[in-house]
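Visitor: Before I ask anything, let me first share the structure, which is written out below as structure tokens.
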Amino acid sequence: MGFLDIENLRKEFGDTVAVDGISLSVEEGEFVTVVGPSGCGKTTTLLNIAGLQLPTAGSIQLRGRDLTSLPAYERDIGVVFQDYALFPHKTVAENIAFGLKMRGADEAEREAKVEEMLSIIDLEGYEDVYPHECSGGEQQRVAVARALAFDPDLVLMDEPLSNLDKKLRGTMRTELKRIQRETGITTIYVTHNQTEALSMGDRIAVLNDGRIEQFDDPKAAYEQPTSPFVANFLGTSSRIDGELRLEPEPKVRMGNASVAVEERPGFDDGDRVAVFVRTELASLHVSRPSEENAFSGTIRDIDYQGSEAVYFVSVPEFDAPLQVSDRVSGATLDPGNEVWVSVDPSDVIYTSVEGSTDGARREQLAVEGQ
Ligand SMILES: Nc1ncnc2c1ncn2[C@@H]1O[C@H](COP(=O)(O)OP(=O)(O)OP(=O)(O)O)[C@@H](O)[C@H]1O
Ligand SMILES: [Mg+2]
């Protein structure tokens, strides 16, 4: 049994199934990120753990205690929402001390805790300041302090950084991780930002359509996704479907072309697989490279992104153009130029085509009338 055990959590709203049987076991002190597209059930899952909604079915246990039907105030869970929701007419100190006051802590204890929290969030001296006098990032840190101040067993955060600009987001991401390390509080952190999920999580849960597609350490989820959905959701890549051949060397055949891959456990000769070439793992060359997986093609489009550019290269053997990101170097490349794309066999990701809940796959099956 874990520290937090969620079993078969289900939440329906009329005909809508928002959470469709989620099971998740979280260790004490762990930082779990939950990621998935809009509407996949992330917020609903958090609200049910927090007790702000009651599940249709399933159970939630924390430290071996069944919380499933306890009201929110009887669960020791701190929550940080996207819009911070600080009390506007309370000072920073009163906001932070709120949970402690509700739980009957005396003034001396509250003052000591506020001081400790202000030091952790690096806002010493802000006791008497009101939320509207704080910047977005400062309000965000106060919201985190408020959620942590009463020493909860668990903290839930729902996209707490999405209102901040890109630079502040980056800083706050590091700050939040530091605060979590210092306090050691078990945290579940919802985001739809893949970078955030990959960089912050000890483990990452990828949700799709109310279900968990993969719950793994970030590196495994990124490098060895177990479904096309996960491969597609984490990072940018080009997808090509084909058939796995293990002899004489492992490769995936698609029509006349093939891509050399590494052998992976759980796959057999002849399996239909979805191959993913990660944009950042493919390389662009102006002349034929010596690599095994090298394909010649034509640049169709260039997406300039500051320090990098993404090239869309159509390769005759493949139906979909390959996307390659590359530093904008001395060589000037334009649409229409002939180039080569290479990818190391160990960097080629593949997952089973079958058994996935990928939306694209379902559409494909519907088209095929299966
Ligand atoms: N109170 C509600 N009443 C009816 N339907 C709801 C309610 N709350 C959520 N839903 C539906 O449940 C599904 C999951 O919603 P949820 O808010 O959990 O998604 P999410 O993953 O948090 O999305 P986002 O990234 O956009 O915040 C959606 O289809 C949503 O429309
Ligand atoms: Mg949400």
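Lettering and numbering for the structure tokens are positional, with chains as A, B, ... in the shown order, residues counted from 1 in each chain, and ligands counted from 1 in the shown order.
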Select the residues contacting ligand 2 at a distance of at most 10 Å, based on only C-alpha atoms and all ligand atoms, then format the selection as a PDB file with all heavy atoms, in the first residue's frame.
Guide:
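As a result, selection12.pdb now contains:
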```pdb
ATOM      1  N   GLY A  36      -2.084  16.136 -19.317  1.00  0.00           N
ATOM      2  CA  GLY A  36      -3.034  15.589 -20.294  1.00  0.00           C
ATOM      3  C   GLY A  36      -3.761  16.730 -20.963  1.00  0.00           C
ATOM      4  O   GLY A  36      -3.761  17.855 -20.453  1.00  0.00           O
ATOM      5  N   PRO A  37      -4.410  16.455 -22.088  1.00  0.00           N
ATOM      6  CA  PRO A  37      -5.079  17.526 -22.828  1.00  0.00           C
ATOM      7  C   PRO A  37      -6.269  18.112 -22.068  1.00  0.00           C
ATOM      8  O   PRO A  37      -6.745  17.509 -21.103  1.00  0.00           O
ATOM      9  CB  PRO A  37      -5.541  16.833 -24.112  1.00  0.00           C
ATOM     10  CG  PRO A  37      -5.536  15.381 -23.811  1.00  0.00           C
ATOM     11  CD  PRO A  37      -4.535  15.150 -22.746  1.00  0.00           C
ATOM     12  N   SER A  38      -6.728  19.251 -22.514  1.00  0.00           N
ATOM     13  CA  SER A  38      -7.869  19.912 -21.897  1.00  0.00           C
ATOM     14  C   SER A  38      -9.081  18.975 -21.872  1.00  0.00           C
ATOM     15  O   SER A  38      -9.384  18.321 -22.861  1.00  0.00           O
ATOM     16  CB  SER A  38      -8.182  21.183 -22.691  1.00  0.00           C
ATOM     17  OG  SER A  38      -9.189  21.886 -22.049  1.00  0.00           O
ATOM     18  N   GLY A  39      -9.731  18.901 -20.723  1.00  0.00           N
ATOM     19  CA  GLY A  39     -10.939  18.098 -20.612  1.00  0.00           C
ATOM     20  C   GLY A  39     -10.701  16.628 -20.304  1.00  0.00           C
ATOM     21  O   GLY A  39     -11.648  15.836 -20.294  1.00  0.00           O
ATOM     22  N   CYS A  40      -9.460  16.236 -20.029  1.00  0.00           N
ATOM     23  CA  CYS A  40      -9.181  14.814 -19.805  1.00  0.00           C
ATOM     24  C   CYS A  40      -9.468  14.368 -18.375  1.00  0.00           C
ATOM     25  O   CYS A  40      -9.360  13.192 -18.049  1.00  0.00           O
ATOM     26  CB  CYS A  40      -7.739  14.471 -20.182  1.00  0.00           C
ATOM     27  SG  CYS A  40      -6.529  15.128 -19.029  1.00  0.00           S
ATOM     28  N   GLY A  41      -9.810  15.317 -17.495  1.00  0.00           N
ATOM     29  CA  GLY A  41     -10.216  14.928 -16.142  1.00  0.00           C
ATOM     30  C   GLY A  41      -9.224  15.275 -15.042  1.00  0.00           C
ATOM     31  O   GLY A  41      -9.364  14.795 -13.914  1.00  0.00           O
ATOM     32  N   LYS A  42      -8.255  16.134 -15.328  1.00  0.00           N
ATOM     33  CA  LYS A  42      -7.221  16.460 -14.337  1.00  0.00           C
ATOM     34  C   LYS A  42      -7.814  17.183 -13.120  1.00  0.00           C
ATOM     35  O   LYS A  42      -7.625  16.766 -11.981  1.00  0.00           O
ATOM     36  CB  LYS A  42      -6.125  17.343 -14.969  1.00  0.00           C
ATOM     37  CG  LYS A  42      -5.480  16.737 -16.195  1.00  0.00           C
ATOM     38  CD  LYS A  42      -4.369  17.616 -16.752  1.00  0.00           C
ATOM     39  CE  LYS A  42      -4.840  18.961 -17.303  1.00  0.00           C
ATOM     40  NZ  LYS A  42      -5.692  18.851 -18.512  1.00  0.00           N
ATOM     41  N   THR A  43      -8.540  18.279 -13.384  1.00  0.00           N
ATOM     42  CA  THR A  43      -9.108  19.062 -12.283  1.00  0.00           C
ATOM     43  C   THR A  43     -10.115  18.222 -11.495  1.00  0.00           C
ATOM     44  O   THR A  43     -10.127  18.234 -10.262  1.00  0.00           O
ATOM     45  CB  THR A  43      -9.784  20.340 -12.837  1.00  0.00           C
ATOM     46  OG1 THR A  43      -8.765  21.143 -13.439  1.00  0.00           O
ATOM     47  CG2 THR A  43     -10.463  21.135 -11.748  1.00  0.00           C
ATOM     48  N   THR A  44     -10.940  17.476 -12.209  1.00  0.00           N
ATOM     49  CA  THR A  44     -11.932  16.636 -11.538  1.00  0.00           C
ATOM     50  C   THR A  44     -11.250  15.653 -10.588  1.00  0.00           C
ATOM     51  O   THR A  44     -11.694  15.456  -9.455  1.00  0.00           O
ATOM     52  CB  THR A  44     -12.786  15.885 -12.586  1.00  0.00           C
ATOM     53  OG1 THR A  44     -13.301  16.845 -13.501  1.00  0.00           O
ATOM     54  CG2 THR A  44     -13.934  15.142 -11.940  1.00  0.00           C
ATOM     55  N   THR A  45     -10.160  15.047 -11.032  1.00  0.00           N
ATOM     56  CA  THR A  45      -9.428  14.112 -10.177  1.00  0.00           C
ATOM     57  C   THR A  45      -8.964  14.818  -8.900  1.00  0.00           C
ATOM     58  O   THR A  45      -9.170  14.317  -7.795  1.00  0.00           O
ATOM     59  CB  THR A  45      -8.211  13.533 -10.942  1.00  0.00           C
ATOM     60  OG1 THR A  45      -8.692  12.903 -12.126  1.00  0.00           O
ATOM     61  CG2 THR A  45      -7.455  12.511 -10.101  1.00  0.00           C
ATOM     62  N   LEU A  46      -8.375  16.005  -9.047  1.00  0.00           N
ATOM     63  CA  LEU A  46      -7.904  16.746  -7.875  1.00  0.00           C
ATOM     64  C   LEU A  46      -9.051  17.118  -6.933  1.00  0.00           C
ATOM     65  O   LEU A  46      -8.933  16.992  -5.714  1.00  0.00           O
ATOM     66  CB  LEU A  46      -7.182  18.037  -8.282  1.00  0.00           C
ATOM     67  CG  LEU A  46      -5.770  17.944  -8.844  1.00  0.00           C
ATOM     68  CD1 LEU A  46      -5.067  19.285  -8.707  1.00  0.00           C
ATOM     69  CD2 LEU A  46      -4.956  16.863  -8.148  1.00  0.00           C
ATOM     70  N   LEU A  47     -10.162  17.584  -7.505  1.00  0.00           N
ATOM     71  CA  LEU A  47     -11.294  18.005  -6.670  1.00  0.00           C
ATOM     72  C   LEU A  47     -11.830  16.835  -5.852  1.00  0.00           C
ATOM     73  O   LEU A  47     -12.250  17.000  -4.705  1.00  0.00           O
ATOM     74  CB  LEU A  47     -12.414  18.602  -7.546  1.00  0.00           C
ATOM     75  CG  LEU A  47     -12.080  19.937  -8.216  1.00  0.00           C
ATOM     76  CD1 LEU A  47     -13.192  20.358  -9.172  1.00  0.00           C
ATOM     77  CD2 LEU A  47     -11.850  21.032  -7.171  1.00  0.00           C
ATOM     78  N   PHE A  81      -4.995  26.597  -6.459  1.00  0.00           N
ATOM     79  CA  PHE A  81      -5.669  26.638  -7.752  1.00  0.00           C
ATOM     80  C   PHE A  81      -4.975  27.599  -8.707  1.00  0.00           C
ATOM     81  O   PHE A  81      -4.166  28.431  -8.302  1.00  0.00           O
ATOM     82  CB  PHE A  81      -7.128  27.061  -7.590  1.00  0.00           C
ATOM     83  CG  PHE A  81      -7.957  26.031  -6.885  1.00  0.00           C
ATOM     84  CD1 PHE A  81      -8.435  26.252  -5.605  1.00  0.00           C
ATOM     85  CD2 PHE A  81      -8.241  24.827  -7.510  1.00  0.00           C
ATOM     86  CE1 PHE A  81      -9.198  25.292  -4.954  1.00  0.00           C
ATOM     87  CE2 PHE A  81      -8.996  23.862  -6.868  1.00  0.00           C
ATOM     88  CZ  PHE A  81      -9.475  24.099  -5.589  1.00  0.00           C
ATOM     89  N   GLN A  82      -5.380  27.484  -9.961  1.00  0.00           N
ATOM     90  CA  GLN A  82      -4.827  28.292 -11.035  1.00  0.00           C
ATOM     91  C   GLN A  82      -4.908  29.797 -10.750  1.00  0.00           C
ATOM     92  O   GLN A  82      -3.976  30.539 -11.001  1.00  0.00           O
ATOM     93  CB  GLN A  82      -5.611  27.954 -12.305  1.00  0.00           C
ATOM     94  CG  GLN A  82      -5.177  28.690 -13.517  1.00  0.00           C
ATOM     95  CD  GLN A  82      -5.925  28.174 -14.742  1.00  0.00           C
ATOM     96  OE1 GLN A  82      -6.650  27.195 -14.683  1.00  0.00           O
ATOM     97  NE2 GLN A  82      -5.730  28.837 -15.842  1.00  0.00           N
ATOM     98  N   ASP A 158      -3.295  22.832  -8.994  1.00  0.00           N
ATOM     99  CA  ASP A 158      -3.941  22.754 -10.303  1.00  0.00           C
ATOM    100  C   ASP A 158      -3.467  23.909 -11.187  1.00  0.00           C
ATOM    101  O   ASP A 158      -3.924  25.034 -11.039  1.00  0.00           O
ATOM    102  CB  ASP A 158      -5.461  22.794 -10.143  1.00  0.00           C
ATOM    103  CG  ASP A 158      -6.175  22.389 -11.421  1.00  0.00           C
ATOM    104  OD1 ASP A 158      -5.485  22.119 -12.428  1.00  0.00           O
ATOM    105  OD2 ASP A 158      -7.418  22.345 -11.416  1.00  0.00           O
ATOM    106  N   GLU A 159      -2.553  23.636 -12.073  1.00  0.00           N
ATOM    107  CA  GLU A 159      -2.007  24.624 -12.999  1.00  0.00           C
ATOM    108  C   GLU A 159      -1.666  25.947 -12.308  1.00  0.00           C
ATOM    109  O   GLU A 159      -2.122  27.005 -12.752  1.00  0.00           O
ATOM    110  CB  GLU A 159      -3.010  24.899 -14.131  1.00  0.00           C
ATOM    111  CG  GLU A 159      -3.548  23.621 -14.715  1.00  0.00           C
ATOM    112  CD  GLU A 159      -3.524  23.602 -16.219  1.00  0.00           C
ATOM    113  OE1 GLU A 159      -2.797  24.418 -16.801  1.00  0.00           O
ATOM    114  OE2 GLU A 159      -4.208  22.758 -16.794  1.00  0.00           O
ATOM    115  N   VAL A 190      -0.893  19.383 -11.224  1.00  0.00           N
ATOM    116  CA  VAL A 190      -1.542  19.262 -12.529  1.00  0.00           C
ATOM    117  C   VAL A 190      -1.064  20.363 -13.468  1.00  0.00           C
ATOM    118  O   VAL A 190      -0.953  21.524 -13.079  1.00  0.00           O
ATOM    119  CB  VAL A 190      -3.079  19.364 -12.382  1.00  0.00           C
ATOM    120  CG1 VAL A 190      -3.741  19.679 -13.708  1.00  0.00           C
ATOM    121  CG2 VAL A 190      -3.645  18.084 -11.808  1.00  0.00           C
ATOM    122  N   THR A 191      -0.784  19.977 -14.687  1.00  0.00           N
ATOM    123  CA  THR A 191      -0.381  20.967 -15.684  1.00  0.00           C
ATOM    124  C   THR A 191      -0.760  20.427 -17.058  1.00  0.00           C
ATOM    125  O   THR A 191      -0.970  19.229 -17.210  1.00  0.00           O
ATOM    126  CB  THR A 191       1.135  21.223 -15.616  1.00  0.00           C
ATOM    127  OG1 THR A 191       1.518  22.089 -16.683  1.00  0.00           O
ATOM    128  CG2 THR A 191       1.961  19.955 -15.712  1.00  0.00           C
ATOM    129  N   HIS A 192      -0.911  21.321 -18.072  1.00  0.00           N
ATOM    130  CA  HIS A 192      -0.954  20.700 -19.390  1.00  0.00           C
ATOM    131  C   HIS A 192       0.301  21.044 -20.184  1.00  0.00           C
ATOM    132  O   HIS A 192       0.381  20.820 -21.367  1.00  0.00           O
ATOM    133  CB  HIS A 192      -2.264  20.901 -20.169  1.00  0.00           C
ATOM    134  CG  HIS A 192      -2.685  22.320 -20.352  1.00  0.00           C
ATOM    135  ND1 HIS A 192      -3.895  22.771 -19.944  1.00  0.00           N
ATOM    136  CD2 HIS A 192      -2.049  23.353 -20.886  1.00  0.00           C
ATOM    137  CE1 HIS A 192      -3.989  24.047 -20.221  1.00  0.00           C
ATOM    138  NE2 HIS A 192      -2.890  24.424 -20.804  1.00  0.00           N
TER     139      HIS A 192
END
```
Visitor: As a compact mmCIF listing (two decimals) with all heavy atoms, in the first residue's frame, please: the residues near Leu54 of chain A (cut-off 12 Å, only C-alpha atoms, same-chain neighbours under 2 positions excluded).
Guide:
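The resulting file, around-v6.txt, is reproduced below:
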```
# COMPACT_ATOMS: atom_id res chain seq x y z
N LEU A 9 -11.12 5.30 -9.29
CA LEU A 9 -11.87 6.55 -9.12
C LEU A 9 -12.67 6.86 -10.38
O LEU A 9 -12.15 6.84 -11.49
CB LEU A 9 -10.91 7.71 -8.82
CG LEU A 9 -11.56 9.05 -8.54
CD1 LEU A 9 -12.21 9.04 -7.16
CD2 LEU A 9 -10.52 10.17 -8.62
N ARG A 10 -13.95 7.15 -10.15
CA ARG A 10 -14.84 7.43 -11.26
C ARG A 10 -15.71 8.63 -10.91
O ARG A 10 -16.22 8.72 -9.79
CB ARG A 10 -15.71 6.19 -11.50
CG ARG A 10 -16.52 6.25 -12.75
CD ARG A 10 -17.26 4.94 -12.99
NE ARG A 10 -18.13 5.10 -14.11
CZ ARG A 10 -17.73 4.99 -15.38
NH1 ARG A 10 -16.50 4.65 -15.65
NH2 ARG A 10 -18.57 5.20 -16.37
N LYS A 11 -15.84 9.55 -11.85
CA LYS A 11 -16.71 10.70 -11.62
C LYS A 11 -17.51 10.98 -12.88
O LYS A 11 -16.96 11.21 -13.96
CB LYS A 11 -15.87 11.93 -11.24
CG LYS A 11 -16.69 13.17 -10.95
CD LYS A 11 -17.56 13.02 -9.71
CE LYS A 11 -18.36 14.27 -9.42
NZ LYS A 11 -19.32 14.05 -8.30
N GLU A 12 -18.84 10.94 -12.70
CA GLU A 12 -19.72 11.22 -13.83
C GLU A 12 -20.50 12.50 -13.55
O GLU A 12 -20.86 12.78 -12.41
CB GLU A 12 -20.72 10.06 -14.01
CG GLU A 12 -20.07 8.74 -14.37
CD GLU A 12 -21.02 7.56 -14.25
OE1 GLU A 12 -22.23 7.78 -14.02
OE2 GLU A 12 -20.55 6.42 -14.38
N PHE A 13 -20.74 13.25 -14.61
CA PHE A 13 -21.65 14.38 -14.53
C PHE A 13 -22.74 14.09 -15.56
O PHE A 13 -22.49 14.28 -16.76
CB PHE A 13 -20.96 15.70 -14.89
CG PHE A 13 -19.83 16.07 -13.97
CD1 PHE A 13 -18.51 15.86 -14.36
CD2 PHE A 13 -20.08 16.64 -12.73
CE1 PHE A 13 -17.46 16.21 -13.52
CE2 PHE A 13 -19.03 17.00 -11.89
CZ PHE A 13 -17.73 16.78 -12.27
N VAL A 19 -13.97 11.24 -15.10
CA VAL A 19 -12.88 10.37 -14.65
C VAL A 19 -13.37 8.94 -14.77
O VAL A 19 -14.41 8.57 -14.23
CB VAL A 19 -12.48 10.70 -13.19
CG1 VAL A 19 -11.41 9.74 -12.70
CG2 VAL A 19 -11.98 12.13 -13.08
N THR A 44 -10.94 17.48 -12.21
CA THR A 44 -11.93 16.64 -11.54
C THR A 44 -11.25 15.65 -10.59
O THR A 44 -11.69 15.46 -9.45
CB THR A 44 -12.79 15.89 -12.59
OG1 THR A 44 -13.30 16.84 -13.50
CG2 THR A 44 -13.93 15.14 -11.94
N THR A 45 -10.16 15.05 -11.03
CA THR A 45 -9.43 14.11 -10.18
C THR A 45 -8.96 14.82 -8.90
O THR A 45 -9.17 14.32 -7.80
CB THR A 45 -8.21 13.53 -10.94
OG1 THR A 45 -8.69 12.90 -12.13
CG2 THR A 45 -7.46 12.51 -10.10
N LEU A 46 -8.37 16.00 -9.05
CA LEU A 46 -7.90 16.75 -7.88
C LEU A 46 -9.05 17.12 -6.93
O LEU A 46 -8.93 16.99 -5.71
CB LEU A 46 -7.18 18.04 -8.28
CG LEU A 46 -5.77 17.94 -8.84
CD1 LEU A 46 -5.07 19.28 -8.71
CD2 LEU A 46 -4.96 16.86 -8.15
N LEU A 47 -10.16 17.58 -7.51
CA LEU A 47 -11.29 18.00 -6.67
C LEU A 47 -11.83 16.83 -5.85
O LEU A 47 -12.25 17.00 -4.70
CB LEU A 47 -12.41 18.60 -7.55
CG LEU A 47 -12.08 19.94 -8.22
CD1 LEU A 47 -13.19 20.36 -9.17
CD2 LEU A 47 -11.85 21.03 -7.17
N ASN A 48 -11.78 15.64 -6.44
CA ASN A 48 -12.25 14.45 -5.72
C ASN A 48 -11.27 14.04 -4.63
O ASN A 48 -11.68 13.59 -3.56
CB ASN A 48 -12.52 13.30 -6.70
CG ASN A 48 -13.86 13.49 -7.40
OD1 ASN A 48 -14.87 13.01 -6.93
ND2 ASN A 48 -13.86 14.22 -8.50
N ILE A 49 -9.96 14.19 -4.90
CA ILE A 49 -8.98 13.88 -3.85
C ILE A 49 -9.12 14.87 -2.70
O ILE A 49 -9.07 14.51 -1.53
CB ILE A 49 -7.53 13.91 -4.41
CG1 ILE A 49 -7.37 12.88 -5.53
CG2 ILE A 49 -6.52 13.61 -3.29
CD1 ILE A 49 -6.02 12.97 -6.25
N ALA A 50 -9.35 16.15 -3.05
CA ALA A 50 -9.46 17.19 -2.03
C ALA A 50 -10.77 17.11 -1.25
O ALA A 50 -10.89 17.69 -0.18
CB ALA A 50 -9.35 18.57 -2.68
N GLY A 51 -11.76 16.41 -1.80
CA GLY A 51 -13.06 16.34 -1.13
C GLY A 51 -13.98 17.49 -1.51
O GLY A 51 -15.00 17.71 -0.88
N LEU A 52 -13.60 18.23 -2.55
CA LEU A 52 -14.46 19.34 -3.00
C LEU A 52 -15.53 18.81 -3.95
O LEU A 52 -16.48 19.51 -4.28
CB LEU A 52 -13.60 20.43 -3.65
CG LEU A 52 -12.59 21.05 -2.68
CD1 LEU A 52 -11.54 21.87 -3.40
CD2 LEU A 52 -13.31 21.91 -1.63
N THR A 56 -18.25 9.29 -8.00
CA THR A 56 -19.38 8.42 -8.32
C THR A 56 -19.07 7.00 -7.83
O THR A 56 -19.94 6.29 -7.35
CB THR A 56 -19.61 8.39 -9.85
OG1 THR A 56 -19.68 9.74 -10.31
CG2 THR A 56 -20.88 7.67 -10.22
N ALA A 57 -17.80 6.60 -7.97
CA ALA A 57 -17.36 5.29 -7.49
C ALA A 57 -15.87 5.33 -7.24
O ALA A 57 -15.18 6.26 -7.67
CB ALA A 57 -17.70 4.21 -8.52
N GLY A 58 -15.36 4.33 -6.53
CA GLY A 58 -13.94 4.24 -6.27
C GLY A 58 -13.60 4.68 -4.86
O GLY A 58 -14.48 5.12 -4.10
N SER A 59 -12.33 4.54 -4.50
CA SER A 59 -11.94 4.91 -3.14
C SER A 59 -10.62 5.68 -3.10
O SER A 59 -9.79 5.55 -4.01
CB SER A 59 -11.83 3.66 -2.27
OG SER A 59 -10.70 2.91 -2.67
N ILE A 60 -10.47 6.48 -2.05
CA ILE A 60 -9.24 7.27 -1.86
C ILE A 60 -8.78 7.05 -0.42
O ILE A 60 -9.55 7.26 0.52
CB ILE A 60 -9.53 8.77 -2.08
CG1 ILE A 60 -10.06 9.02 -3.49
CG2 ILE A 60 -8.26 9.59 -1.83
CD1 ILE A 60 -10.72 10.36 -3.68
N LEU A 67 -10.69 8.23 2.90
CA LEU A 67 -11.17 9.61 2.83
C LEU A 67 -12.41 9.75 1.97
O LEU A 67 -13.00 10.82 1.92
CB LEU A 67 -10.11 10.50 2.17
CG LEU A 67 -8.72 10.65 2.74
CD1 LEU A 67 -7.98 11.67 1.90
CD2 LEU A 67 -8.82 11.14 4.17
N THR A 68 -12.75 8.67 1.26
CA THR A 68 -13.67 8.78 0.14
C THR A 68 -14.89 9.65 0.40
O THR A 68 -15.27 10.44 -0.43
CB THR A 68 -14.11 7.38 -0.33
OG1 THR A 68 -12.96 6.54 -0.34
CG2 THR A 68 -14.72 7.42 -1.72
N SER A 69 -15.50 9.52 1.59
CA SER A 69 -16.70 10.33 1.78
C SER A 69 -16.55 11.37 2.88
O SER A 69 -17.53 11.93 3.35
CB SER A 69 -17.90 9.40 2.06
OG SER A 69 -17.52 8.45 3.02
N LEU A 70 -15.29 11.66 3.27
CA LEU A 70 -15.07 12.71 4.26
C LEU A 70 -15.18 14.09 3.61
O LEU A 70 -14.75 14.29 2.48
CB LEU A 70 -13.65 12.62 4.85
CG LEU A 70 -13.34 11.56 5.90
CD1 LEU A 70 -11.92 11.79 6.41
CD2 LEU A 70 -14.32 11.64 7.06
N PRO A 71 -15.75 15.07 4.35
CA PRO A 71 -15.77 16.43 3.80
C PRO A 71 -14.35 17.01 3.72
O PRO A 71 -13.45 16.55 4.42
CB PRO A 71 -16.60 17.21 4.81
CG PRO A 71 -16.57 16.41 6.06
CD PRO A 71 -16.39 14.98 5.66
N ALA A 72 -14.17 18.00 2.84
CA ALA A 72 -12.84 18.57 2.58
C ALA A 72 -12.12 19.00 3.85
O ALA A 72 -10.93 18.76 4.00
CB ALA A 72 -12.98 19.75 1.62
```
Visitor: Let me make sure I understand: among A:Asp347, A:Glu127, A:Asp271, A:Glu107, which one has the smallest atom-to-atom distance to Asn95 of chain A if we use only C-alpha atoms?
Guide: A:Glu127
Visitor: Between atom CA of Glu213 of chain A and atom CA of Val35 of chain A, measure the distance and give it in Å to one decimal.
Guide: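 It comes out at 10.4 Å.
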Visitor: Between A:Phe98, A:Tyr126, A:Tyr189, A:Tyr73, which residue has the minimum interatomic distance to ligand 1, considering only C-alpha atoms and all ligand atoms?
Guide: A:Tyr189
Visitor: Might you pull out every residue within 10 Å of Leu161 of chain A, with only C-alpha atoms counted and same-chain residues fewer than 3 positions away left off, and present them as number ranges by chain?
Guide: A: 81-84, 136-137, 140, 157-158, 164-166, 168-170, 172-173, 176, 191, 193, 196
Visitor: Can you tell me which residues surround Ile121 of chain A at a distance of at most 9 Å, considering only C-alpha atoms, apart from same-chain residues fewer than 4 positions away, and format the answer as a list in words?
Guide: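 So, after excluding close chain neighbours, the residues are Glu116, Met117, Glu138, Arg141, Val142, Val144, Ala145, Glu175, Leu176 and Ile179 of chain A.
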Visitor: With all heavy atoms kept, could you save the residues just selected as a compact mmCIF listing (two decimals), in the first residue's frame?
Guide:
```txt
# COMPACT_ATOMS: atom_id res chain seq x y z
N GLU A 116 8.02 31.48 9.36
CA GLU A 116 8.75 30.37 8.72
C GLU A 116 8.38 30.27 7.23
O GLU A 116 9.25 30.17 6.37
CB GLU A 116 8.41 29.06 9.44
CG GLU A 116 9.16 27.85 8.88
CD GLU A 116 8.52 26.54 9.33
OE1 GLU A 116 7.88 26.49 10.40
OE2 GLU A 116 8.66 25.54 8.57
N MET A 117 7.07 30.36 6.94
CA MET A 117 6.62 30.24 5.56
C MET A 117 7.12 31.41 4.71
O MET A 117 7.53 31.23 3.56
CB MET A 117 5.09 30.17 5.47
CG MET A 117 4.43 28.91 5.99
SD MET A 117 5.16 27.33 5.48
CE MET A 117 5.15 27.48 3.73
N GLU A 138 4.39 36.86 -6.67
CA GLU A 138 4.33 36.92 -5.20
C GLU A 138 3.02 36.32 -4.67
O GLU A 138 3.02 35.57 -3.71
CB GLU A 138 4.49 38.38 -4.73
CG GLU A 138 5.92 38.90 -4.89
CD GLU A 138 6.04 40.42 -4.81
OE1 GLU A 138 4.99 41.11 -4.73
OE2 GLU A 138 7.17 40.91 -4.84
N ARG A 141 3.22 32.64 -4.75
CA ARG A 141 3.99 32.06 -3.65
C ARG A 141 3.20 32.09 -2.33
O ARG A 141 3.28 31.17 -1.53
CB ARG A 141 5.33 32.78 -3.49
CG ARG A 141 6.36 32.28 -4.50
CD ARG A 141 7.67 32.99 -4.36
NE ARG A 141 7.65 34.27 -5.06
CZ ARG A 141 8.58 35.21 -4.92
NH1 ARG A 141 9.58 35.04 -4.10
NH2 ARG A 141 8.50 36.32 -5.63
N VAL A 142 2.40 33.16 -2.15
CA VAL A 142 1.58 33.24 -0.95
C VAL A 142 0.55 32.10 -0.96
O VAL A 142 0.29 31.46 0.06
CB VAL A 142 0.87 34.62 -0.83
CG1 VAL A 142 -0.09 34.65 0.35
CG2 VAL A 142 1.91 35.73 -0.69
N VAL A 144 0.88 29.24 -2.32
CA VAL A 144 1.59 28.00 -1.99
C VAL A 144 1.83 27.93 -0.48
O VAL A 144 1.60 26.90 0.16
CB VAL A 144 2.93 27.92 -2.77
CG1 VAL A 144 3.78 26.76 -2.27
CG2 VAL A 144 2.67 27.78 -4.26
N ALA A 145 2.26 29.07 0.10
CA ALA A 145 2.50 29.10 1.54
C ALA A 145 1.22 28.80 2.31
O ALA A 145 1.24 28.07 3.31
CB ALA A 145 3.05 30.46 1.94
N GLU A 175 11.43 27.40 -8.02
CA GLU A 175 11.07 27.76 -6.65
C GLU A 175 10.16 26.71 -6.02
O GLU A 175 10.37 26.27 -4.89
CB GLU A 175 10.29 29.09 -6.66
CG GLU A 175 11.18 30.29 -6.74
CD GLU A 175 11.95 30.46 -5.45
OE1 GLU A 175 11.37 30.94 -4.47
OE2 GLU A 175 13.13 30.09 -5.43
N LEU A 176 9.13 26.31 -6.77
CA LEU A 176 8.18 25.34 -6.24
C LEU A 176 8.84 24.02 -5.91
O LEU A 176 8.57 23.40 -4.89
CB LEU A 176 7.05 25.10 -7.25
CG LEU A 176 5.93 26.10 -7.25
CD1 LEU A 176 4.87 25.72 -8.27
CD2 LEU A 176 5.29 26.17 -5.86
N ILE A 179 10.80 24.52 -2.71
CA ILE A 179 9.92 24.55 -1.55
C ILE A 179 9.45 23.13 -1.20
O ILE A 179 9.44 22.72 -0.05
CB ILE A 179 8.71 25.48 -1.80
CG1 ILE A 179 9.18 26.93 -1.91
CG2 ILE A 179 7.67 25.34 -0.70
CD1 ILE A 179 8.13 27.91 -2.41
```
Visitor: Report, in Å with one decimal, the straight-line distance from atom CA of Ala105 of chain A to atom CA of Arg63 of chain A.
Guide: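 Going from atom CA of Ala105 of chain A over to atom CA of Arg63 of chain A, I get 22.9 Å.
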Visitor: Using only C-alpha atoms and all ligand atoms, can you tell me which of A:Leu333, A:Val32, A:Val206, A:Ile240 comes closest to ligand 1?
Guide: A:Val206
Visitor: Name all residues at most 9 Å from Ser342 of chain A (count only C-alpha atoms; drop same-chain ones fewer than 5 positions away) and give them as a VMD selection string.
Guide: chain A and resid 281 to 285 289 291 to 296
